[in-house]
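One file, start.cif, is given below (mmCIF, C-alpha atoms and all ligand atoms).
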data_start
#
loop_
_atom_site.label_atom_id
_atom_site.label_comp_id
_atom_site.auth_asym_id
_atom_site.auth_seq_id
_atom_site.Cartn_x
_atom_site.Cartn_y
_atom_site.Cartn_z
CA MET A 1 -60.04 -17.19 -26.19
CA LEU A 2 -60.76 -20.80 -25.23
CA LYS A 3 -59.15 -23.37 -27.51
CA PRO A 4 -61.31 -25.82 -29.45
CA PRO A 5 -62.96 -28.12 -28.43
CA PHE A 6 -63.25 -26.37 -25.04
CA ASN A 7 -64.93 -23.30 -26.56
CA ASP A 8 -67.99 -25.50 -27.26
CA LEU A 9 -68.61 -26.02 -23.52
CA LYS A 10 -71.38 -23.70 -22.29
CA ALA A 11 -70.67 -23.64 -18.53
CA TRP A 12 -67.79 -24.56 -16.24
CA LEU A 13 -67.60 -26.00 -12.72
CA ILE A 14 -64.05 -25.50 -11.48
CA ASP A 15 -62.34 -27.09 -8.50
CA MET A 16 -59.84 -24.76 -6.85
CA ASP A 17 -57.10 -26.52 -4.87
CA GLY A 18 -54.72 -28.29 -7.26
CA VAL A 19 -56.39 -26.57 -10.23
CA LEU A 20 -56.03 -22.81 -9.64
CA TYR A 21 -53.46 -22.93 -6.81
CA HIS A 22 -51.38 -25.03 -4.45
CA GLY A 23 -51.49 -23.57 -0.96
CA LYS A 24 -50.81 -19.88 -1.62
CA ARG A 25 -49.09 -20.40 -4.98
CA PRO A 26 -51.17 -19.81 -8.15
CA LEU A 27 -50.77 -22.50 -10.83
CA PRO A 28 -49.78 -21.72 -14.44
CA ALA A 29 -52.35 -19.75 -16.47
CA ALA A 30 -54.92 -19.72 -13.63
CA THR A 31 -55.44 -15.96 -13.89
CA GLU A 32 -55.48 -16.00 -17.70
CA PHE A 33 -57.98 -18.87 -17.78
CA ILE A 34 -60.45 -17.18 -15.43
CA THR A 35 -60.03 -13.85 -17.24
CA THR A 36 -60.83 -15.64 -20.50
CA LEU A 37 -64.06 -17.06 -19.07
CA GLN A 38 -65.01 -13.60 -17.79
CA GLU A 39 -64.20 -11.81 -21.05
CA THR A 40 -66.12 -14.33 -23.14
CA GLY A 41 -69.12 -14.21 -20.77
CA THR A 42 -68.85 -17.96 -20.13
CA PRO A 43 -70.78 -18.95 -16.97
CA PHE A 44 -68.62 -20.60 -14.32
CA LEU A 45 -68.72 -21.53 -10.65
CA PHE A 46 -65.85 -22.49 -8.37
CA LEU A 47 -66.92 -25.76 -6.77
CA THR A 48 -65.07 -26.90 -3.68
CA ASN A 49 -65.64 -29.60 -1.09
CA ASN A 50 -63.75 -27.48 1.44
CA ALA A 51 -66.38 -26.26 3.92
CA THR A 52 -63.99 -24.43 6.25
CA ARG A 53 -63.93 -21.03 4.49
CA THR A 54 -66.69 -18.56 3.64
CA PRO A 55 -67.09 -17.22 0.07
CA ALA A 56 -65.77 -13.83 1.26
CA GLU A 57 -62.62 -15.53 2.58
CA TYR A 58 -62.14 -17.26 -0.79
CA VAL A 59 -62.61 -14.02 -2.74
CA GLN A 60 -59.86 -12.40 -0.70
CA ARG A 61 -57.52 -15.40 -0.92
CA LEU A 62 -57.98 -15.57 -4.71
CA ALA A 63 -57.45 -11.83 -5.11
CA GLU A 64 -54.06 -12.21 -3.41
CA MET A 65 -53.21 -14.59 -6.27
CA ASN A 66 -54.49 -12.08 -8.86
CA ILE A 67 -57.70 -14.02 -9.55
CA HIS A 68 -60.56 -11.54 -9.24
CA VAL A 69 -64.04 -12.96 -8.71
CA THR A 70 -67.11 -12.24 -6.56
CA GLU A 71 -68.72 -14.21 -3.73
CA GLU A 72 -71.43 -15.34 -6.18
CA ASP A 73 -68.73 -17.19 -8.17
CA ILE A 74 -67.92 -19.47 -5.22
CA PHE A 75 -69.96 -22.54 -4.27
CA THR A 76 -68.71 -24.66 -1.36
CA SER A 77 -70.02 -27.87 0.16
CA ALA A 78 -70.95 -25.69 3.15
CA LEU A 79 -73.30 -23.56 1.02
CA ALA A 80 -74.68 -26.66 -0.70
CA THR A 81 -75.33 -28.30 2.68
CA ALA A 82 -77.10 -25.21 4.03
CA ARG A 83 -79.31 -25.05 0.92
CA TYR A 84 -80.08 -28.75 1.22
CA VAL A 85 -81.13 -28.69 4.87
CA GLU A 86 -83.05 -25.44 4.40
CA LYS A 87 -85.19 -27.17 1.80
CA ASN A 88 -85.53 -30.58 3.49
CA TYR A 89 -85.35 -29.77 7.22
CA PRO A 90 -86.37 -26.11 7.35
CA PRO A 91 -85.63 -23.77 10.28
CA PRO A 92 -86.30 -22.95 13.06
CA ARG A 93 -84.33 -25.86 14.52
CA ARG A 94 -81.62 -26.43 17.09
CA VAL A 95 -78.56 -27.69 15.24
CA ILE A 96 -75.18 -29.03 16.29
CA VAL A 97 -72.47 -28.16 13.77
CA ILE A 98 -69.10 -29.85 13.92
CA GLY A 99 -67.15 -27.62 11.54
CA GLY A 100 -65.37 -24.35 10.86
CA ASN A 101 -66.38 -20.85 9.90
CA GLY A 102 -67.63 -21.75 6.43
CA ILE A 103 -70.31 -24.21 7.50
CA ARG A 104 -71.18 -22.45 10.77
CA ARG A 105 -71.82 -19.16 8.97
CA ALA A 106 -73.82 -20.80 6.17
CA VAL A 107 -76.09 -22.65 8.63
CA GLN A 108 -76.59 -19.57 10.79
CA GLU A 109 -77.44 -17.42 7.77
CA ALA A 110 -80.04 -20.01 6.76
CA GLY A 111 -81.82 -19.25 10.05
CA TYR A 112 -80.85 -22.13 12.36
CA GLU A 113 -79.89 -21.93 16.01
CA LEU A 114 -76.43 -23.38 16.62
CA VAL A 115 -76.20 -25.10 20.01
CA ASP A 116 -73.52 -26.98 21.97
CA ARG A 117 -75.65 -29.59 23.76
CA ALA A 118 -77.59 -32.52 22.36
CA GLU A 119 -80.93 -31.78 24.08
CA ASP A 120 -83.75 -30.95 21.59
CA VAL A 121 -81.36 -31.11 18.64
CA THR A 122 -83.03 -32.49 15.47
CA LEU A 123 -80.17 -31.90 13.00
CA VAL A 124 -76.43 -32.56 13.18
CA ILE A 125 -74.14 -31.23 10.44
CA SER A 126 -70.53 -32.37 10.32
CA ALA A 127 -67.53 -31.12 8.36
CA MET A 128 -63.81 -30.70 8.84
CA ASP A 129 -63.22 -29.02 12.19
CA THR A 130 -59.72 -28.04 13.28
CA ASP A 131 -61.08 -27.24 16.77
CA ALA A 132 -63.00 -30.50 17.26
CA THR A 133 -62.94 -31.78 20.82
CA TYR A 134 -64.12 -35.02 22.42
CA ALA A 135 -66.83 -33.07 24.25
CA ARG A 136 -68.32 -31.68 21.00
CA MET A 137 -68.11 -35.03 19.25
CA ALA A 138 -69.88 -36.60 22.23
CA GLU A 139 -72.77 -34.09 21.98
CA ALA A 140 -73.12 -34.80 18.25
CA THR A 141 -73.09 -38.53 18.97
CA LEU A 142 -75.79 -38.21 21.64
CA ALA A 143 -78.00 -36.17 19.30
CA ILE A 144 -77.65 -38.60 16.38
CA ARG A 145 -78.29 -41.60 18.65
CA ALA A 146 -81.40 -39.81 19.95
CA GLY A 147 -82.73 -39.54 16.39
CA ALA A 148 -81.37 -36.30 14.95
CA THR A 149 -80.87 -36.22 11.16
CA TRP A 150 -77.17 -36.32 10.26
CA VAL A 151 -75.80 -34.51 7.21
CA GLN A 152 -72.12 -34.38 6.21
CA THR A 153 -70.68 -31.58 4.01
CA ASN A 154 -68.06 -33.69 2.21
CA PRO A 155 -66.35 -37.08 2.48
CA ASP A 156 -62.66 -36.21 1.84
CA PRO A 157 -60.74 -38.35 4.36
CA THR A 158 -57.59 -36.24 4.32
CA PHE A 159 -56.59 -32.61 4.05
CA PRO A 160 -53.29 -31.54 2.47
CA SER A 161 -51.48 -29.07 4.73
CA GLU A 162 -48.13 -27.41 4.24
CA ARG A 163 -46.67 -29.98 6.69
CA GLY A 164 -48.24 -33.02 5.02
CA ILE A 165 -51.47 -35.02 5.11
CA THR A 166 -53.82 -34.24 8.02
CA PRO A 167 -57.35 -35.46 8.94
CA GLY A 168 -60.11 -34.11 6.69
CA ALA A 169 -63.90 -33.98 6.92
CA GLY A 170 -64.11 -37.70 6.22
CA ALA A 171 -62.03 -38.45 9.31
CA ILE A 172 -64.56 -36.56 11.45
CA MET A 173 -67.30 -38.52 9.69
CA ALA A 174 -65.51 -41.83 10.40
CA PHE A 175 -65.26 -40.92 14.09
CA LEU A 176 -69.02 -40.25 14.28
CA GLU A 177 -69.85 -43.35 12.23
CA ALA A 178 -67.93 -45.47 14.72
CA ALA A 179 -69.64 -43.81 17.67
CA THR A 180 -73.19 -43.75 16.30
CA GLU A 181 -73.22 -46.91 14.12
CA GLN A 182 -74.98 -44.79 11.50
CA LYS A 183 -74.05 -43.14 8.21
CA PRO A 184 -74.77 -39.51 7.24
CA LEU A 185 -76.25 -38.11 4.06
CA ILE A 186 -73.25 -36.66 2.16
CA ILE A 187 -73.68 -33.49 0.07
CA GLY A 188 -70.25 -32.75 -1.49
CA LYS A 189 -68.41 -34.27 -4.46
CA PRO A 190 -68.63 -37.08 -5.64
CA GLU A 191 -72.30 -37.13 -4.54
CA THR A 192 -74.60 -35.54 -7.10
CA GLY A 193 -76.37 -33.12 -4.72
CA ILE A 194 -73.76 -30.39 -4.98
CA PHE A 195 -73.60 -30.73 -8.79
CA ARG A 196 -77.38 -30.44 -9.19
CA GLN A 197 -77.40 -27.29 -7.06
CA ALA A 198 -74.47 -25.81 -9.00
CA LEU A 199 -76.18 -26.45 -12.35
CA ASP A 200 -79.32 -24.87 -10.96
CA ILE A 201 -77.40 -21.74 -9.95
CA LEU A 202 -75.77 -21.47 -13.39
CA GLY A 203 -79.01 -22.33 -15.20
CA ALA A 204 -77.03 -24.88 -17.22
CA ALA A 205 -77.83 -28.35 -18.53
CA PRO A 206 -75.43 -31.14 -17.46
CA GLU A 207 -74.51 -32.25 -20.99
CA GLU A 208 -73.29 -28.77 -21.97
CA THR A 209 -71.34 -28.27 -18.71
CA VAL A 210 -67.85 -29.43 -17.77
CA MET A 211 -66.27 -30.26 -14.40
CA LEU A 212 -62.59 -29.26 -14.28
CA GLY A 213 -60.69 -30.82 -11.38
CA ASP A 214 -57.59 -32.63 -10.18
CA ARG A 215 -59.09 -35.43 -8.06
CA LEU A 216 -60.45 -38.51 -9.80
CA GLU A 217 -62.59 -39.88 -6.97
CA THR A 218 -64.38 -36.57 -6.32
CA ASP A 219 -64.23 -34.19 -9.32
CA ILE A 220 -64.17 -36.71 -12.15
CA LEU A 221 -66.40 -39.38 -10.57
CA GLY A 222 -68.91 -36.79 -9.33
CA GLY A 223 -68.97 -34.89 -12.63
CA HIS A 224 -69.53 -38.13 -14.53
CA ARG A 225 -72.33 -39.25 -12.18
CA ALA A 226 -74.06 -35.90 -12.63
CA GLY A 227 -73.90 -36.25 -16.42
CA LEU A 228 -71.24 -33.59 -17.06
CA LYS A 229 -68.18 -33.63 -19.30
CA THR A 230 -64.97 -33.88 -17.27
CA ILE A 231 -61.43 -32.50 -17.55
CA CYS A 232 -58.67 -33.84 -15.29
CA VAL A 233 -55.79 -31.41 -14.86
CA LEU A 234 -52.50 -32.94 -13.71
CA THR A 235 -51.30 -30.04 -11.53
CA GLY A 236 -52.82 -31.56 -8.35
CA ILE A 237 -53.46 -35.05 -6.99
CA ALA A 238 -53.84 -37.30 -10.05
CA SER A 239 -50.99 -38.47 -12.29
CA ARG A 240 -51.41 -39.09 -16.03
CA ALA A 241 -51.20 -42.86 -15.51
CA GLN A 242 -53.90 -42.75 -12.80
CA ALA A 243 -56.17 -40.53 -14.91
CA GLN A 244 -55.81 -42.76 -17.99
CA ALA A 245 -56.56 -45.90 -15.97
CA TYR A 246 -59.52 -44.44 -14.04
CA ASP A 247 -63.09 -45.62 -14.63
CA PRO A 248 -64.93 -43.40 -15.57
CA ARG A 249 -62.13 -42.04 -17.70
CA PRO A 250 -62.03 -38.22 -17.87
CA ASP A 251 -63.17 -36.81 -21.23
CA TRP A 252 -59.94 -34.82 -21.39
CA ILE A 253 -56.63 -35.01 -19.49
CA ILE A 254 -54.48 -31.87 -19.58
CA ASP A 255 -51.04 -31.07 -18.12
CA ASP A 256 -52.07 -27.60 -16.93
CA LEU A 257 -54.52 -24.78 -17.71
CA THR A 258 -52.43 -23.44 -20.63
CA ALA A 259 -54.00 -26.30 -22.63
CA LEU A 260 -57.39 -24.54 -22.44
CA ILE A 261 -56.59 -21.07 -23.77
CA GLU A 262 -54.87 -19.43 -26.72
MG MG A 301 -58.68 -30.20 -5.91
#
Any chance you could give the structure as structure tokens?
Amino acid sequence: MLKPPFNDLKAWLIDMDGVLYHGKRPLPAATEFITTLQETGTPFLFLTNNATRTPAEYVQRLAEMNIHVTEEDIFTSALATARYVEKNYPPPRRVIVIGGNGIRRAVQEAGYELVDRAEDVTLVISAMDTDATYARMAEATLAIRAGATWVQTNPDPTFPSERGITPGAGAIMAFLEAATEQKPLIIGKPETGIFRQALDILGAAPEETVMLGDRLETDILGGHRAGLKTICVLTGIASRAQAQAYDPRPDWIIDDLTALIE
């Protein structure tokens, strides 16, 4: 069972990295917490800014850590971006995607044609891309400078790897900002677009929903902006001192997920 006062929350948005696991290592009570939500029929959605993986890849990765969910339980900034452009810039369109499997697949499944050259491109979508080359960045730059709409999955400047801090989606964005002298529309946390879509999927109202995450400037700020309650868990990026000093202050600060269940 969920401990009071957390049992009063009707729906949960849950960040993954730093909350459920670190790299390939599950964090304390992650399995028990998710099982509790499932057994009590509490609606939840895993909400990640990471646009590199597909939902199927996440389901498999989580299963290896004994967390068993379905693809419908996963909502990434890649899916949110595809939904956004589908509604606002509908296909058919020629699109340049700077990004990995997660965003490429989502955009393709939405019905767009992914192309490599800037000619006749009306939409550029950028994300973290571990295979980014100067040539691809140049094509994206040419398309944006020629008037293509530019949408960015998420703003995270860095990406934690097993060897240390590496460039994230925001570093790709900064490269294109410098080259185009323009700024993209950003979908992921802390922007409210991804939260509104997630609430829509869950059929939940913001004031009865909580965002559980480890990063203050994305999870907590974004959750607050979208009108949700927020829980900062200290198993990831933020320290207790940082969480207590942050504005907006999280509604709850917990050491790990054992604080949520009994
Ligand atoms: Mg995180």
Please report, as CSV, each residue of chain A lying at most 8 Å from ligand MG 301 (chain A), together with the nearest pair of atoms and the separation in Å rounded to one decimal; use only C-alpha atoms and all ligand atoms, and order rows by chain and ascending residue number.
residue,atom,partner,partner_atom,distance
A:Asp15,CA,A:MG301,MG,5.5
A:Met16,CA,A:MG301,MG,5.6
A:Asp17,CA,A:MG301,MG,4.1
A:Gly18,CA,A:MG301,MG,4.6
A:Val19,CA,A:MG301,MG,6.1
A:Thr48,CA,A:MG301,MG,7.5
A:Gly213,CA,A:MG301,MG,5.9
A:Asp214,CA,A:MG301,MG,5.0
A:Arg215,CA,A:MG301,MG,5.7
A:Asp219,CA,A:MG301,MG,7.6
A:Gly236,CA,A:MG301,MG,6.5
A:Ile237,CA,A:MG301,MG,7.2
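CA of Glu217 in chain A is positioned 11.0 Å from CA of Arg249 in chain A.
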Can you work out the spacing between CA of Val69 in chain A and CA of Lys24 in chain A in Å, to one decimal? 16.5 Å
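CA of Val85 in chain A is found 22.0 Å from CA of Ala132 in chain A.
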Return the single residue from A:Asp131, A:Glu162, A:Asp255, A:Glu139 that is closest to Asp116 in chain A, with distances computed using all atoms listed in the file. A:Glu139
So, with all atoms listed in the file as the atoms that count, which of A:Ile231, A:Leu176, A:Ala148, A:Ile67 lies closest to Leu260 in chain A?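 Among the listed residues, the smallest separation from Leu260 in chain A belongs to A:Ile231.
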Determine, counting only C-alpha atoms, every residue of protein, DNA or RNA that lies within 12 Å of (-51.9, -23.4, -0.3) in the file coordinates, then give the result as a PDB file with C-alpha atoms, keeping the file's coordinate frame.
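Output file out_6.pdb follows:
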ATOM      1  CA  MET A  16     -59.840 -24.760  -6.850  1.00  0.00           C
ATOM      2  CA  ASP A  17     -57.100 -26.520  -4.870  1.00  0.00           C
ATOM      3  CA  GLY A  18     -54.720 -28.290  -7.260  1.00  0.00           C
ATOM      4  CA  VAL A  19     -56.390 -26.570 -10.230  1.00  0.00           C
ATOM      5  CA  LEU A  20     -56.030 -22.810  -9.640  1.00  0.00           C
ATOM      6  CA  TYR A  21     -53.460 -22.930  -6.810  1.00  0.00           C
ATOM      7  CA  HIS A  22     -51.380 -25.030  -4.450  1.00  0.00           C
ATOM      8  CA  GLY A  23     -51.490 -23.570  -0.960  1.00  0.00           C
ATOM      9  CA  LYS A  24     -50.810 -19.880  -1.620  1.00  0.00           C
ATOM     10  CA  ARG A  25     -49.090 -20.400  -4.980  1.00  0.00           C
ATOM     11  CA  PRO A  26     -51.170 -19.810  -8.150  1.00  0.00           C
ATOM     12  CA  LEU A  27     -50.770 -22.500 -10.830  1.00  0.00           C
ATOM     13  CA  TYR A  58     -62.140 -17.260  -0.790  1.00  0.00           C
ATOM     14  CA  ARG A  61     -57.520 -15.400  -0.920  1.00  0.00           C
ATOM     15  CA  LEU A  62     -57.980 -15.570  -4.710  1.00  0.00           C
ATOM     16  CA  GLU A  64     -54.060 -12.210  -3.410  1.00  0.00           C
ATOM     17  CA  MET A  65     -53.210 -14.590  -6.270  1.00  0.00           C
ATOM     18  CA  PHE A 159     -56.590 -32.610   4.050  1.00  0.00           C
ATOM     19  CA  PRO A 160     -53.290 -31.540   2.470  1.00  0.00           C
ATOM     20  CA  SER A 161     -51.480 -29.070   4.730  1.00  0.00           C
ATOM     21  CA  GLU A 162     -48.130 -27.410   4.240  1.00  0.00           C
ATOM     22  CA  ARG A 163     -46.670 -29.980   6.690  1.00  0.00           C
ATOM     23  CA  GLY A 164     -48.240 -33.020   5.020  1.00  0.00           C
ATOM     24  CA  GLY A 236     -52.820 -31.560  -8.350  1.00  0.00           C
TER      25      GLY A 236
END
Within 12 Å of range 198-206 of chain A: each range 210-259 of chain A residue with its shortest pair, all atoms listed in the file, as CSV:
residue,atom,partner,partner_atom,distance
A:Val210,CA,A:Pro206,CA,7.8
A:Met211,CA,A:Pro206,CA,9.7
A:Gly222,CA,A:Pro206,CA,11.9
A:Gly223,CA,A:Pro206,CA,8.9
A:His224,CA,A:Pro206,CA,9.6
A:Arg225,CA,A:Pro206,CA,10.2
A:Ala226,CA,A:Pro206,CA,6.9
A:Gly227,CA,A:Pro206,CA,5.4
A:Leu228,CA,A:Pro206,CA,4.9
A:Lys229,CA,A:Pro206,CA,7.9
A:Thr230,CA,A:Pro206,CA,10.8
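Distance annotation: of A:Asp247, A:Asp73, A:Gly99, A:Leu9, the residue with the minimal separation from Val59 in chain A is A:Asp73; atom set is all atoms listed in the file.
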